[in-house]
Amino acid sequence: MALTITKLTKHAGRKMLLHSANLTFEPETIYGLLGRNGAGKSTLLNMVADRIPRSSGEITIDGQSVHENDHVLQRLFLASEDNLYPARERVNNLFKITKQLYGDFDDDYAEYLAKAFGLNTRTSFGRLSTGYRTIFKDIVALCVPADYIMLDEPVLGLDAGHRELFYRELITTYANRPRTFIIATHLIEEVETILNNVIVINQGQIKLAEPVEALMARSYRLAGPSDAMATFLPNVKVLSQSSFGHETRAIVTMIGSPALPAGIAKQALSLQDLFVALTEGSHED
């Protein structure tokens, strides 16, 4: 069982929004879909949820297309910035409507989360602040029984305390009822410790997709004399590079543990460091 994306492309006129994306989302895994604003995260998720048409490519779950397929779409849920809920409807009624659509919606957990976040369920959706609209959508996402939960910028408008509570509850519900979560965000440091796999998207192109642990085990910051670095760097994949006087610094990924020339220092990276190198990195002299 897997959610598979094959050669998925989206363009608007001459502008390419997503270019031939190939991805596989395995069951019961937490993915980070990392990208800057406008990188293509929302476009990708909205196509997966069949909310916007794709220009080309395929999206399937267990070989069945999601396009106009209600049975398959029931296994997907997207919480995004889009306001698809009736403004006049009260939050508690929206929970009831969601339960009618998703029979195993966990209304007890939804009530618990509403109290934990301080969400007044008798308030109409249209009267909620930006932060509480996000909280409402997050609560629904954590309580629906879908196999693939997509969260597009799930802490938009939330203060630090509510962001921490959300991540804590996501881990709790994942432990109690494992399923796949796809978290689209640009707040890398906040999600780094909860991700199993990471996907980096930049300007509509998938830059990498792999398990976090394996990625970080082969990613380093190197610094050393420019002549020694010039000899060594052709042996590795350079993501970003800069020179300061007679010293060169680079962020690289390496296969195995090649011996470093004398004078070159190696330092572990954070996922944030790697993300910046992948989305901003350029070779500068």
# chains A, B, ... in the order shown; residues from 1 in each chain; ligands from 1
>>> select_by_dssp(residues="region 132-239 of chain A", states="alpha helix (DSSP H)", output="JSON, numbers by chain")
{"A": [132, 133, 134, 135, 136, 137, 138, 139, 140, 141, 142, 143, 160, 161, 162, 163, 164, 165, 166, 167, 168, 169, 170, 171, 172, 173, 174, 175, 176, 188, 189, 190, 191, 212, 213, 214, 215, 216, 217, 226, 227, 228, 229, 230, 231, 232]}
>>> residues_around(residues="Phe77 (chain A)", least_positions_apart="4", cutoff="8 Å", atoms="only C-alpha atoms", output="VMD selection string")
chain A and resid 49 73 141 144 146 148 to 150
>>> atom_distance(atom1="CA of Thr134 (chain A)", atom2="CA of Leu195 (chain A)")
20.8 Å
>>> closest_atom_pairs(of="region 37-115 of chain A", to="region 9-31 of chain A", cutoff="10 Å", atoms="only C-alpha atoms", output="CSV")
residue,atom,partner,partner_atom,distance
A:Gly38,CA,A:Leu17,CA,8.8
A:Ala39,CA,A:Leu17,CA,8.0
A:Gly40,CA,A:Leu17,CA,6.1
A:Lys41,CA,A:Leu18,CA,9.0
A:Thr43,CA,A:Leu17,CA,7.3
A:Leu44,CA,A:Leu18,CA,7.2
A:Met47,CA,A:Lys10,CA,8.7
A:Ile52,CA,A:Lys10,CA,9.6
A:Pro53,CA,A:Lys10,CA,8.1
A:Arg54,CA,A:Lys10,CA,5.4
A:Ser55,CA,A:Lys10,CA,4.8
A:Ser56,CA,A:Thr9,CA,5.2
A:Gly57,CA,A:Thr9,CA,6.1
A:Glu58,CA,A:Thr9,CA,9.1
A:Ile59,CA,A:Leu23,CA,9.5
A:Thr60,CA,A:Thr24,CA,9.8
A:Ile61,CA,A:Phe25,CA,9.4
>>> write_last_selection(atoms="N, CA and C atoms", output="PDB file, in the first residue's frame")
ATOM      1  N   GLY A  38       6.134  29.471  -2.212  1.00  0.00           N
ATOM      2  CA  GLY A  38       6.099  29.483  -3.668  1.00  0.00           C
ATOM      3  C   GLY A  38       6.909  28.393  -4.331  1.00  0.00           C
ATOM      4  N   ALA A  39       7.436  27.455  -3.540  1.00  0.00           N
ATOM      5  CA  ALA A  39       8.292  26.403  -4.109  1.00  0.00           C
ATOM      6  C   ALA A  39       7.506  25.341  -4.863  1.00  0.00           C
ATOM      7  N   GLY A  40       6.213  25.214  -4.563  1.00  0.00           N
ATOM      8  CA  GLY A  40       5.393  24.197  -5.217  1.00  0.00           C
ATOM      9  C   GLY A  40       4.755  23.209  -4.259  1.00  0.00           C
ATOM     10  N   LYS A  41       4.926  23.428  -2.942  1.00  0.00           N
ATOM     11  CA  LYS A  41       4.379  22.495  -1.947  1.00  0.00           C
ATOM     12  C   LYS A  41       2.857  22.408  -2.047  1.00  0.00           C
ATOM     13  N   THR A  43       0.851  23.387  -4.432  1.00  0.00           N
ATOM     14  CA  THR A  43       0.437  22.882  -5.740  1.00  0.00           C
ATOM     15  C   THR A  43       0.461  21.363  -5.762  1.00  0.00           C
ATOM     16  N   LEU A  44       1.535  20.785  -5.252  1.00  0.00           N
ATOM     17  CA  LEU A  44       1.665  19.328  -5.211  1.00  0.00           C
ATOM     18  C   LEU A  44       0.552  18.700  -4.379  1.00  0.00           C
ATOM     19  N   MET A  47      -2.958  18.873  -5.926  1.00  0.00           N
ATOM     20  CA  MET A  47      -3.150  17.897  -7.004  1.00  0.00           C
ATOM     21  C   MET A  47      -3.347  16.495  -6.440  1.00  0.00           C
ATOM     22  N   ILE A  52      -7.127  20.490  -7.618  1.00  0.00           N
ATOM     23  CA  ILE A  52      -6.797  21.230  -8.829  1.00  0.00           C
ATOM     24  C   ILE A  52      -6.341  20.224  -9.887  1.00  0.00           C
ATOM     25  N   PRO A  53      -6.578  20.528 -11.165  1.00  0.00           N
ATOM     26  CA  PRO A  53      -6.190  19.574 -12.213  1.00  0.00           C
ATOM     27  C   PRO A  53      -4.682  19.550 -12.420  1.00  0.00           C
ATOM     28  N   ARG A  54      -4.187  18.412 -12.811  1.00  0.00           N
ATOM     29  CA  ARG A  54      -2.776  18.289 -13.156  1.00  0.00           C
ATOM     30  C   ARG A  54      -2.625  18.471 -14.661  1.00  0.00           C
ATOM     31  N   SER A  55      -1.456  18.939 -15.067  1.00  0.00           N
ATOM     32  CA  SER A  55      -1.197  19.078 -16.503  1.00  0.00           C
ATOM     33  C   SER A  55      -0.859  17.731 -17.120  1.00  0.00           C
ATOM     34  N   SER A  56      -0.112  16.914 -16.366  1.00  0.00           N
ATOM     35  CA  SER A  56       0.200  15.559 -16.805  1.00  0.00           C
ATOM     36  C   SER A  56       0.693  14.768 -15.609  1.00  0.00           C
ATOM     37  N   GLY A  57       0.792  13.459 -15.777  1.00  0.00           N
ATOM     38  CA  GLY A  57       1.270  12.609 -14.693  1.00  0.00           C
ATOM     39  C   GLY A  57       0.155  11.820 -14.035  1.00  0.00           C
ATOM     40  N   GLU A  58       0.541  10.952 -13.101  1.00  0.00           N
ATOM     41  CA  GLU A  58      -0.407  10.077 -12.428  1.00  0.00           C
ATOM     42  C   GLU A  58      -0.244  10.146 -10.912  1.00  0.00           C
ATOM     43  N   ILE A  59      -1.366  10.017 -10.203  1.00  0.00           N
ATOM     44  CA  ILE A  59      -1.382   9.930  -8.742  1.00  0.00           C
ATOM     45  C   ILE A  59      -2.253   8.735  -8.390  1.00  0.00           C
ATOM     46  N   THR A  60      -1.679   7.757  -7.715  1.00  0.00           N
ATOM     47  CA  THR A  60      -2.427   6.545  -7.389  1.00  0.00           C
ATOM     48  C   THR A  60      -2.197   6.123  -5.943  1.00  0.00           C
ATOM     49  N   ILE A  61      -3.174   5.414  -5.405  1.00  0.00           N
ATOM     50  CA  ILE A  61      -3.013   4.702  -4.137  1.00  0.00           C
ATOM     51  C   ILE A  61      -3.277   3.231  -4.427  1.00  0.00           C
TER      52      ILE A  61
END
